[in-house]
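Undergrad: Just so it is clear, I am handing over final-v9.cif, which has mmCIF, C-alpha atoms.
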data_protein
#
loop_
_atom_site.label_atom_id
_atom_site.label_comp_id
_atom_site.auth_asym_id
_atom_site.auth_seq_id
_atom_site.Cartn_x
_atom_site.Cartn_y
_atom_site.Cartn_z
CA MET J 1 0.00 0.00 0.00
CA ASN J 2 1.59 3.19 -1.15
CA TRP J 3 -0.29 6.11 0.32
CA THR J 4 1.06 9.61 0.44
CA LEU J 5 -0.40 11.74 3.19
CA ASP J 6 -0.39 15.54 3.14
CA LYS J 7 0.82 16.77 6.50
CA HIS J 8 -1.12 20.02 6.20
CA ARG J 9 -4.51 18.34 6.15
CA PRO J 10 -6.34 16.34 8.79
CA LEU J 11 -5.40 12.69 8.55
CA CYS J 12 -8.80 11.09 8.97
CA PRO J 13 -10.34 12.38 5.70
CA GLN J 14 -7.14 11.50 3.87
CA ILE J 15 -7.39 7.90 5.02
CA CYS J 16 -11.01 7.87 3.84
CA GLU J 17 -9.96 9.21 0.43
CA ASN J 18 -7.23 6.63 0.00
CA LEU J 19 -9.47 3.77 1.07
CA CYS J 20 -12.32 4.97 -1.17
CA ARG J 21 -9.96 5.12 -4.11
CA ASP J 22 -8.61 1.64 -3.43
CA ILE J 23 -12.14 0.26 -3.09
CA ALA J 24 -13.50 2.02 -6.19
CA MET J 25 -10.50 0.86 -8.19
CA GLY J 26 -10.84 -2.73 -7.04
CA VAL J 27 -7.78 -3.07 -4.79
CA PHE J 28 -10.30 -4.26 -2.23
CA ALA J 29 -13.18 -6.19 -3.79
CA PRO J 30 -16.83 -6.03 -2.69
CA GLU J 31 -17.52 -8.23 0.34
CA GLN J 32 -13.78 -8.44 1.00
CA ARG J 33 -12.54 -8.04 4.55
CA LEU J 34 -10.18 -5.10 4.99
CA PRO J 35 -6.93 -5.44 6.93
CA SER J 36 -7.49 -4.83 10.62
CA VAL J 37 -7.42 -1.30 11.97
CA ARG J 38 -4.16 -2.04 13.72
CA GLU J 39 -2.53 -3.51 10.60
CA LEU J 40 -3.63 -0.58 8.47
CA ALA J 41 -2.39 1.86 11.10
CA ALA J 42 1.01 0.18 11.21
CA VAL J 43 1.37 0.04 7.41
CA VAL J 44 0.30 3.63 6.86
CA GLY J 45 2.15 4.83 9.96
CA VAL J 46 -0.73 6.57 11.69
CA ASN J 47 -2.57 6.22 14.94
CA PRO J 48 -5.07 3.32 15.15
CA ASN J 49 -7.68 5.72 16.56
CA THR J 50 -7.45 7.76 13.36
CA VAL J 51 -8.00 4.68 11.20
CA GLN J 52 -10.92 3.68 13.41
CA ALA J 53 -12.49 7.12 12.97
CA ALA J 54 -12.03 6.87 9.19
CA MET J 55 -13.73 3.44 9.16
CA ASN J 56 -16.66 4.82 11.15
CA ALA J 57 -17.02 7.74 8.74
CA MET J 58 -16.99 5.37 5.77
CA GLU J 59 -19.61 3.19 7.39
CA GLU J 60 -21.85 6.26 7.62
CA GLN J 61 -21.20 7.00 3.96
CA GLY J 62 -22.36 3.49 3.09
CA ILE J 63 -19.01 2.25 1.80
CA LEU J 64 -18.10 -0.20 4.56
CA TYR J 65 -19.91 -2.30 7.08
CA SER J 66 -18.59 -3.94 10.21
CA VAL J 67 -19.11 -7.42 11.51
CA ARG J 68 -18.76 -7.69 15.24
CA GLY J 69 -15.66 -9.66 16.19
CA SER J 70 -14.53 -9.97 12.59
CA GLY J 71 -13.71 -6.57 11.16
CA TRP J 72 -14.57 -4.21 8.35
CA TYR J 73 -15.98 -5.33 4.99
CA VAL J 74 -16.51 -3.57 1.67
CA ARG J 75 -20.18 -3.20 0.76
CA GLU J 76 -21.39 -5.02 -2.29
CA ASP J 77 -22.85 -1.82 -3.74
CA LEU J 78 -19.92 0.36 -4.83
CA THR J 79 -21.96 3.43 -5.84
CA CYS J 80 -20.90 5.44 -2.79
CA ALA J 81 -17.23 4.54 -3.20
CA GLN J 82 -17.36 5.45 -6.88
CA GLU J 83 -19.04 8.77 -6.08
CA ALA J 84 -16.31 9.47 -3.56
CA LEU J 85 -13.68 8.66 -6.18
CA SER J 86 -15.20 10.98 -8.78
CA ARG J 87 -15.39 13.76 -6.18
CA LEU J 88 -11.72 13.17 -5.47
CA ARG J 89 -10.88 13.34 -9.17
CA GLN J 90 -12.71 16.65 -9.46
CA GLU J 91 -10.94 18.08 -6.43
CA LYS J 92 -7.53 17.03 -7.70
CA THR J 93 -8.19 18.45 -11.15
CA ALA J 94 -9.44 21.72 -9.68
CA ALA J 95 -6.32 21.88 -7.52
CA TYR J 96 -4.17 21.34 -10.61
CA PHE J 97 -5.85 24.24 -12.39
CA ARG J 98 -5.20 26.46 -9.37
CA ILE J 99 -1.52 25.54 -9.43
CA MET J 100 -1.33 26.33 -13.14
CA GLU J 101 -2.97 29.70 -12.39
CA THR J 102 -0.10 30.56 -10.06
CA LEU J 103 2.19 29.67 -12.97
CA GLY J 104 0.42 32.22 -15.15
CA MET J 105 -2.04 30.10 -17.13
CA THR J 106 -5.80 30.54 -17.18
CA GLU J 107 -8.04 27.48 -17.11
CA THR J 108 -8.60 27.69 -20.86
CA GLU J 109 -4.89 27.99 -21.52
CA THR J 110 -4.20 25.04 -19.26
CA LYS J 111 -6.76 22.91 -21.08
CA GLN J 112 -5.15 23.83 -24.37
CA PHE J 113 -1.78 23.03 -22.86
CA ILE J 114 -2.94 19.56 -21.83
CA LYS J 115 -4.35 18.90 -25.30
CA GLU J 116 -1.05 19.78 -26.91
CA TRP J 117 0.75 17.74 -24.31
CA ASP J 118 -1.10 14.69 -25.64
CA TYR J 119 0.30 15.26 -29.12
CA GLU J 120 3.87 15.36 -27.95
CA MET N 1 -12.66 5.71 27.15
CA SER N 2 -12.19 6.70 30.73
CA GLU N 3 -10.13 9.28 32.51
CA LEU N 4 -6.63 8.03 33.16
CA LEU N 5 -4.58 11.02 34.20
CA ARG N 6 -5.73 14.22 35.83
CA CYS N 7 -3.56 17.20 36.66
CA GLU N 8 -5.23 19.83 38.83
CA ASN N 9 -3.53 23.20 39.17
CA VAL N 10 -0.17 21.52 39.25
CA THR N 11 2.53 23.98 40.26
CA LYS N 12 6.18 23.26 40.84
CA ARG N 13 8.76 25.68 42.13
CA TYR N 14 12.46 25.03 42.44
CA GLY N 15 13.36 27.77 44.93
CA ASN N 16 12.60 30.95 43.05
CA VAL N 17 12.20 29.27 39.71
CA LEU N 18 8.61 28.56 38.69
CA ALA N 19 8.81 25.44 36.53
CA LEU N 20 5.09 24.73 36.24
CA ASP N 21 2.38 27.29 36.83
CA HIS N 22 -1.10 25.95 37.65
CA VAL N 23 -1.27 23.36 34.89
CA SER N 24 -4.59 21.54 34.59
CA PHE N 25 -5.59 18.92 32.06
CA THR N 26 -6.91 15.39 31.81
CA LEU N 27 -5.96 12.52 29.54
CA GLU N 28 -8.28 9.70 28.60
CA SER N 29 -7.27 6.10 28.06
CA GLY N 30 -6.57 4.86 24.56
CA ARG N 31 -4.73 7.95 23.35
CA ILE N 32 -1.28 8.72 22.02
CA VAL N 33 -0.44 12.17 23.27
CA GLY N 34 2.49 14.44 22.42
CA LEU N 35 3.90 16.67 25.14
CA LEU N 36 5.55 19.45 23.20
CA GLY N 37 7.41 22.55 24.24
CA PRO N 38 10.76 24.26 23.84
CA ASN N 39 13.75 23.48 26.05
CA GLY N 40 13.17 24.36 29.68
CA SER N 41 9.40 24.69 29.31
CA GLY N 42 8.64 22.17 32.07
CA LYS N 43 8.10 18.93 30.13
CA THR N 44 10.45 16.79 32.21
CA THR N 45 9.22 18.38 35.44
CA LEU N 46 5.66 17.44 34.53
CA ILE N 47 6.73 13.91 33.66
CA LYS N 48 8.63 13.53 36.93
CA LEU N 49 5.56 14.72 38.82
CA ILE N 50 3.43 12.08 37.06
CA ASN N 51 5.93 9.43 38.13
CA GLY N 52 6.17 10.65 41.70
CA LEU N 53 9.86 11.54 41.43
CA LEU N 54 8.89 15.05 42.40
CA THR N 55 5.99 16.30 44.46
CA PRO N 56 4.00 19.33 43.37
CA THR N 57 4.34 22.58 45.30
CA GLU N 58 0.64 23.11 44.76
CA GLY N 59 -2.17 21.12 43.15
CA GLN N 60 -2.21 17.39 42.52
CA VAL N 61 -1.61 14.67 39.97
CA LEU N 62 -4.02 11.73 39.93
CA ILE N 63 -3.67 8.50 37.98
CA GLU N 64 -7.01 6.70 37.94
CA GLY N 65 -7.77 8.63 41.11
CA ASP N 66 -4.55 7.76 42.92
CA LYS N 67 -1.66 10.04 43.74
CA PRO N 68 1.68 8.84 42.32
CA GLY N 69 3.02 6.10 44.59
CA THR N 70 3.30 2.33 44.88
CA VAL N 71 -0.10 1.69 43.32
CA THR N 72 0.45 3.90 40.30
CA LYS N 73 3.95 2.52 39.68
CA THR N 74 2.41 -0.83 38.80
CA LYS N 75 0.50 0.78 35.96
CA VAL N 76 2.81 3.54 34.76
CA ALA N 77 5.79 2.64 32.57
CA TYR N 78 8.33 5.43 32.56
CA LEU N 79 11.21 6.10 30.20
CA PRO N 80 13.45 8.77 31.75
CA ASP N 81 15.47 11.15 29.61
CA ASN N 82 18.75 9.70 30.85
CA ILE N 83 20.09 6.17 31.00
CA TYR N 84 19.87 4.81 34.50
CA LEU N 85 20.72 1.14 34.01
CA ASN N 86 23.90 -0.45 35.37
CA SER N 87 26.41 -0.34 32.55
CA TRP N 88 28.23 -3.51 33.65
CA MET N 89 25.11 -5.64 33.21
CA THR N 90 24.37 -7.54 30.02
CA VAL N 91 21.17 -6.83 28.14
CA GLN N 92 19.87 -10.25 29.19
CA GLN N 93 20.59 -9.56 32.87
CA ILE N 94 18.71 -6.29 32.59
CA VAL N 95 15.72 -8.00 30.97
CA GLU N 96 15.66 -10.56 33.81
CA TYR N 97 15.99 -7.75 36.32
CA PHE N 98 12.96 -6.01 34.81
CA ALA N 99 10.99 -9.26 34.73
CA ASP N 100 11.63 -9.61 38.48
CA PHE N 101 10.61 -6.04 39.13
CA TYR N 102 7.41 -5.77 37.14
CA ALA N 103 4.62 -8.34 37.15
CA ASP N 104 3.35 -6.98 33.82
CA PHE N 105 6.72 -7.38 32.05
CA ASP N 106 6.73 -9.60 28.95
CA ALA N 107 10.30 -10.90 28.52
CA ALA N 108 9.52 -12.76 25.27
CA ARG N 109 8.34 -9.51 23.74
CA ALA N 110 11.49 -7.73 24.86
CA TYR N 111 13.76 -10.39 23.28
CA GLU N 112 11.74 -10.26 20.07
CA MET N 113 12.16 -6.49 19.78
CA LEU N 114 15.87 -6.70 20.66
CA GLU N 115 16.35 -9.21 17.88
CA ARG N 116 14.49 -7.05 15.38
CA LEU N 117 16.82 -4.17 16.17
CA GLY N 118 19.89 -6.39 16.05
CA ILE N 119 20.89 -6.00 19.69
CA SER N 120 22.44 -9.14 21.16
CA PRO N 121 21.26 -10.01 24.69
CA LYS N 122 24.84 -11.09 25.47
CA MET N 123 26.21 -7.57 25.06
CA ARG N 124 27.11 -5.53 28.09
CA LEU N 125 25.32 -2.22 28.23
CA LYS N 126 28.58 -0.26 28.37
CA SER N 127 29.69 -1.73 25.03
CA LEU N 128 26.57 -0.46 23.25
CA SER N 129 26.41 2.86 21.44
CA LYS N 130 24.30 5.68 22.87
CA GLY N 131 21.51 5.08 20.36
CA ASN N 132 21.45 1.35 21.08
CA LYS N 133 21.36 1.97 24.83
CA GLU N 134 18.34 4.18 24.27
CA LYS N 135 16.68 1.47 22.21
CA VAL N 136 17.23 -1.03 25.04
CA CYS N 137 15.65 1.37 27.53
CA LEU N 138 12.65 1.94 25.28
CA ILE N 139 12.20 -1.78 24.62
CA LEU N 140 12.19 -2.45 28.37
CA VAL N 141 9.51 0.16 28.92
CA MET N 142 7.35 -0.93 25.98
CA SER N 143 7.54 -4.58 27.06
CA ARG N 144 5.38 -3.82 30.05
CA GLN N 145 1.60 -4.10 29.84
CA ALA N 146 1.05 -0.76 31.51
CA LYS N 147 -1.93 1.60 31.52
CA LEU N 148 0.13 4.71 31.02
CA TYR N 149 3.44 4.91 29.19
CA VAL N 150 5.38 8.08 29.83
CA LEU N 151 8.24 8.49 27.40
CA ASP N 152 10.64 11.37 27.89
CA GLU N 153 12.47 12.00 24.60
CA PRO N 154 12.28 8.40 23.38
CA ILE N 155 13.73 8.85 19.89
CA ALA N 156 16.21 11.69 20.21
CA GLY N 157 19.41 9.65 19.86
CA VAL N 158 18.02 6.98 17.55
CA ASP N 159 18.76 6.85 13.81
CA PRO N 160 15.85 7.56 11.40
CA ALA N 161 15.37 3.93 10.33
CA ALA N 162 15.21 2.70 13.91
CA ARG N 163 12.98 5.68 14.70
CA ASP N 164 10.43 4.29 12.25
CA TYR N 165 10.66 0.95 14.00
CA VAL N 166 10.24 2.59 17.39
CA ILE N 167 7.17 4.46 16.17
CA SER N 168 5.67 1.31 14.70
CA THR N 169 6.42 -0.44 18.00
CA ILE N 170 4.40 2.20 19.76
CA ILE N 171 1.52 1.69 17.30
CA ASN N 172 1.67 -2.09 17.41
CA ASN N 173 1.86 -2.11 21.14
CA TYR N 174 -1.12 0.18 21.26
CA ASN N 175 -3.89 -1.13 23.40
CA PRO N 176 -7.23 0.65 23.62
CA GLU N 177 -6.94 0.72 27.39
CA ALA N 178 -3.52 2.34 27.48
CA THR N 179 -2.33 5.87 26.89
CA VAL N 180 1.11 6.89 25.70
CA LEU N 181 2.46 10.31 26.64
CA ILE N 182 5.52 11.24 24.58
CA SER N 183 7.66 14.29 25.10
CA THR N 184 9.78 15.15 22.09
CA HIS N 185 11.27 17.80 19.86
CA LEU N 186 11.08 15.57 16.79
CA ILE N 187 7.49 16.49 16.05
CA ALA N 188 7.56 15.89 12.31
CA ASP N 189 8.66 12.29 12.86
CA ILE N 190 5.94 11.49 15.29
CA GLU N 191 2.94 13.69 14.59
CA GLN N 192 1.19 11.19 12.33
CA VAL N 193 0.73 8.80 15.21
CA LEU N 194 -0.44 11.36 17.75
CA ASP N 195 -4.10 11.73 18.70
CA GLU N 196 -3.61 14.95 20.52
CA VAL N 197 -0.91 17.34 21.64
CA LEU N 198 -0.19 19.46 24.68
CA PHE N 199 1.88 22.58 24.08
CA ILE N 200 3.64 23.94 27.13
CA GLN N 201 5.66 27.09 27.37
CA ALA N 202 7.44 28.52 30.41
CA GLY N 203 5.43 26.28 32.72
CA ASN N 204 2.03 27.14 31.22
CA LEU N 205 -0.24 24.92 29.21
CA LEU N 206 -0.80 26.78 25.93
CA LEU N 207 -3.14 24.37 24.21
CA GLN N 208 -4.52 20.85 24.25
CA LYS N 209 -5.97 19.83 20.91
CA THR N 210 -6.27 16.87 18.63
CA VAL N 211 -3.89 16.75 15.69
CA ASP N 212 -6.75 16.77 13.19
CA GLU N 213 -8.24 19.86 14.87
CA ILE N 214 -4.93 21.66 14.47
CA ARG N 215 -4.66 20.68 10.82
CA ALA N 216 -8.29 21.53 10.06
CA GLU N 217 -8.26 24.88 11.87
CA ASN N 218 -4.85 26.14 10.84
CA GLY N 219 -4.10 24.23 7.64
CA LYS N 220 -0.74 23.50 9.24
CA SER N 221 1.04 20.45 10.46
CA VAL N 222 1.73 20.29 14.20
CA ASP N 223 5.41 20.80 13.43
CA GLU N 224 4.68 24.04 11.56
CA LEU N 225 2.33 25.28 14.27
CA PHE N 226 4.98 24.56 16.89
CA ARG N 227 7.59 26.54 14.96
CA GLU N 228 5.13 29.41 14.64
CA VAL N 229 3.96 29.45 18.27
CA PHE N 230 7.44 29.13 19.71
CA LYS N 231 9.20 31.40 17.25
CA TRP N 232 12.03 33.40 18.80
#
Taking this structure as input, can you express it in the form of structure tokens?
TA:
Amino acid sequence: MNWTLDKHRPLCPQICENLCRDIAMGVFAPEQRLPSVRELAAVVGVNPNTVQAAMNAMEEQGILYSVRGSGWYVREDLTCAQEALSRLRQEKTAAYFRIMETLGMTETETKQFIKEWDYE
Amino acid sequence: MSELLRCENVTKRYGNVLALDHVSFTLESGRIVGLLGPNGSGKTTLIKLINGLLTPTEGQVLIEGDKPGTVTKTKVAYLPDNIYLNSWMTVQQIVEYFADFYADFDAARAYEMLERLGISPKMRLKSLSKGNKEKVCLILVMSRQAKLYVLDEPIAGVDPAARDYVISTIINNYNPEATVLISTHLIADIEQVLDEVLFIQAGNLLLQKTVDEIRAENGKSVDELFREVFKW
């Protein structure tokens, strides 16, 4: 698992984002059991409480469900995870346009730039 | 989650020097807490008060309702900021010594961690480097099944790779009933695993917040906020 975490933003939503992406992209399949909170925490290098909070938030969003004594599972219906992924894609693209603005390119110019980039 | 540690108006004077000035806070169980502050801000004094090595001039420290003493020593695991073990002893002798001292000490766990960090139990403490001595001390403390772990500068002299191992040891050893209080200057290395932080300055508690609150409110990492708050 290769997650990069931004130290300027709260960790909990970032863990949600990364998990949503992995679920929507099939790293974790529907009905699959996720690694335990403690394992995830150790791999990602964050506090288990933070991972637990992220799991709870994702349960509320309808992405995960928990089985008492067993752990966290991916819901069969991936709609919510896919919605979360497309939101994430929009945010990242918007952020890219803002960066390009600081480099002196308007949104239109940036789009043009990307198009030409494809031809190269 | 229940209340584990309570400090009520804790004040400590050394003669004319006011080291802690009416500090009050509580810590719940199941948290990893950073105790952060510049040099001489009172971190070690606070830690020594929690361990009963000092007594407060005013106010009181309570661990699950008890003042620091024999009862609390069975549930508080303390890593001091200096090495206090006998340097002529071998690592194995020290592990056995700890196992005799503390009923909650897990020797198998200690040997496992020593092996992971490549420290031979046959070595005498005096033949180990400073960083390896510190690792031994930390392993001894983390091998106890305590309620409260109080770590005074646990990673200062340890190389970055071993630091990662130490941090993952703290996470893996994490038990929902236990709280870990860590004083350190190496905030960037450790902030990802912290639930909350206490900032102290010149004996006063400046803030107690969760790490995600700090990031959400300020858009800054704890390390950056620290540098800003304690800027000279």
Undergrad: Mind running chain N against chain J at 9 Å and telling me each contacting residue's nearest atom pair with the distance in Å (one decimal), counting only C-alpha atoms, chain and number ascending, as a tab-separated table?
TA:
residue	atom	partner	partner_atom	distance
N:Gly30	CA	J:Asn49	CA	8.1
N:Arg31	CA	J:Asn49	CA	7.7
N:Ile32	CA	J:Asn47	CA	7.6
N:Asp164	CA	J:Gly45	CA	8.6
N:Ile167	CA	J:Gly45	CA	8.0
N:Ser168	CA	J:Ala42	CA	5.9
N:Thr169	CA	J:Ala42	CA	8.7
N:Ile171	CA	J:Ala42	CA	6.3
N:Asn172	CA	J:Ala42	CA	6.6
N:Tyr174	CA	J:Pro48	CA	7.9
N:Pro176	CA	J:Asn49	CA	8.7
N:Ala188	CA	J:Lys7	CA	8.9
N:Glu191	CA	J:Val46	CA	8.5
N:Gln192	CA	J:Val46	CA	5.0
N:Val193	CA	J:Asn47	CA	4.2
N:Leu194	CA	J:Asn47	CA	6.2
N:Asp195	CA	J:Asn47	CA	6.8
N:Val211	CA	J:Pro10	CA	7.3
N:Asp212	CA	J:Pro10	CA	4.4
N:Glu213	CA	J:Pro10	CA	7.3
N:Ile214	CA	J:Pro10	CA	7.9
N:Arg215	CA	J:Pro10	CA	5.1
N:Ala216	CA	J:Pro10	CA	5.7
N:Asn218	CA	J:His8	CA	8.5
N:Gly219	CA	J:His8	CA	5.4
N:Lys220	CA	J:His8	CA	4.6
N:Ser221	CA	J:His8	CA	4.8
N:Val222	CA	J:His8	CA	8.5
N:Glu224	CA	J:His8	CA	8.9
Undergrad: Decode the PyMOL selection byres ((chain N and resi 105) around 12) for the given file into explicit residues and return them as a PyMOL selection string.
TA: chain N and resi 74-77+95-104+106-111+139-146
Undergrad: Write the selection just made, keeping C-alpha atoms, as a CSV table (one decimal), in the coordinates of the input?
TA:
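Resulting contents of part.csv:
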chain,number,residue,atom,x,y,z
N,74,THR,CA,2.4,-0.8,38.8
N,75,LYS,CA,0.5,0.8,36.0
N,76,VAL,CA,2.8,3.5,34.8
N,77,ALA,CA,5.8,2.6,32.6
N,95,VAL,CA,15.7,-8.0,31.0
N,96,GLU,CA,15.7,-10.6,33.8
N,97,TYR,CA,16.0,-7.8,36.3
N,98,PHE,CA,13.0,-6.0,34.8
N,99,ALA,CA,11.0,-9.3,34.7
N,100,ASP,CA,11.6,-9.6,38.5
N,101,PHE,CA,10.6,-6.0,39.1
N,102,TYR,CA,7.4,-5.8,37.1
N,103,ALA,CA,4.6,-8.3,37.2
N,104,ASP,CA,3.4,-7.0,33.8
N,106,ASP,CA,6.7,-9.6,29.0
N,107,ALA,CA,10.3,-10.9,28.5
N,108,ALA,CA,9.5,-12.8,25.3
N,109,ARG,CA,8.3,-9.5,23.7
N,110,ALA,CA,11.5,-7.7,24.9
N,111,TYR,CA,13.8,-10.4,23.3
N,139,ILE,CA,12.2,-1.8,24.6
N,140,LEU,CA,12.2,-2.4,28.4
N,141,VAL,CA,9.5,0.2,28.9
N,142,MET,CA,7.4,-0.9,26.0
N,143,SER,CA,7.5,-4.6,27.1
N,144,ARG,CA,5.4,-3.8,30.0
N,145,GLN,CA,1.6,-4.1,29.8
N,146,ALA,CA,1.0,-0.8,31.5
Undergrad: Taking the file as shown, find all residues satisfying the PyMOL selection byres ((chain N and resi 49) around 12) and write them as a PDB file with C-alpha atoms, keeping the file's coordinate frame.
TA:
ATOM      1  CA  LEU N   5      -4.580  11.020  34.200  1.00  0.00           C
ATOM      2  CA  ARG N   6      -5.730  14.220  35.830  1.00  0.00           C
ATOM      3  CA  CYS N   7      -3.560  17.200  36.660  1.00  0.00           C
ATOM      4  CA  GLU N   8      -5.230  19.830  38.830  1.00  0.00           C
ATOM      5  CA  VAL N  10      -0.170  21.520  39.250  1.00  0.00           C
ATOM      6  CA  THR N  11       2.530  23.980  40.260  1.00  0.00           C
ATOM      7  CA  LYS N  12       6.180  23.260  40.840  1.00  0.00           C
ATOM      8  CA  ARG N  13       8.760  25.680  42.130  1.00  0.00           C
ATOM      9  CA  ALA N  19       8.810  25.440  36.530  1.00  0.00           C
ATOM     10  CA  LEU N  20       5.090  24.730  36.240  1.00  0.00           C
ATOM     11  CA  VAL N  23      -1.270  23.360  34.890  1.00  0.00           C
ATOM     12  CA  GLY N  42       8.640  22.170  32.070  1.00  0.00           C
ATOM     13  CA  LYS N  43       8.100  18.930  30.130  1.00  0.00           C
ATOM     14  CA  THR N  44      10.450  16.790  32.210  1.00  0.00           C
ATOM     15  CA  THR N  45       9.220  18.380  35.440  1.00  0.00           C
ATOM     16  CA  LEU N  46       5.660  17.440  34.530  1.00  0.00           C
ATOM     17  CA  ILE N  47       6.730  13.910  33.660  1.00  0.00           C
ATOM     18  CA  LYS N  48       8.630  13.530  36.930  1.00  0.00           C
ATOM     19  CA  ILE N  50       3.430  12.080  37.060  1.00  0.00           C
ATOM     20  CA  ASN N  51       5.930   9.430  38.130  1.00  0.00           C
ATOM     21  CA  GLY N  52       6.170  10.650  41.700  1.00  0.00           C
ATOM     22  CA  LEU N  53       9.860  11.540  41.430  1.00  0.00           C
ATOM     23  CA  LEU N  54       8.890  15.050  42.400  1.00  0.00           C
ATOM     24  CA  THR N  55       5.990  16.300  44.460  1.00  0.00           C
ATOM     25  CA  PRO N  56       4.000  19.330  43.370  1.00  0.00           C
ATOM     26  CA  THR N  57       4.340  22.580  45.300  1.00  0.00           C
ATOM     27  CA  GLU N  58       0.640  23.110  44.760  1.00  0.00           C
ATOM     28  CA  GLY N  59      -2.170  21.120  43.150  1.00  0.00           C
ATOM     29  CA  GLN N  60      -2.210  17.390  42.520  1.00  0.00           C
ATOM     30  CA  VAL N  61      -1.610  14.670  39.970  1.00  0.00           C
ATOM     31  CA  LEU N  62      -4.020  11.730  39.930  1.00  0.00           C
ATOM     32  CA  ILE N  63      -3.670   8.500  37.980  1.00  0.00           C
ATOM     33  CA  LYS N  67      -1.660  10.040  43.740  1.00  0.00           C
ATOM     34  CA  PRO N  68       1.680   8.840  42.320  1.00  0.00           C
ATOM     35  CA  GLY N  69       3.020   6.100  44.590  1.00  0.00           C
ATOM     36  CA  TYR N  78       8.330   5.430  32.560  1.00  0.00           C
ATOM     37  CA  VAL N 150       5.380   8.080  29.830  1.00  0.00           C
TER      38      VAL N 150
END
Undergrad: Need the axis-aligned box for region 22-25 of chain J with 8 Å each side, so what are the centre and edges in Å to one decimal, as JSON?
TA:
{"center_x": -11.1, "center_y": 1.1, "center_z": -5.6, "size_x": 20.9, "size_y": 17.8, "size_z": 21.1}
Undergrad: Pick out the closest residue to Ala81 (chain J) from this set: J:Thr102, J:Gln112, J:Asn2, J:Asn18. Count only C-alpha atoms.
TA: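 Distance minimum relative to Ala81 (chain J) lands on J:Asn18.
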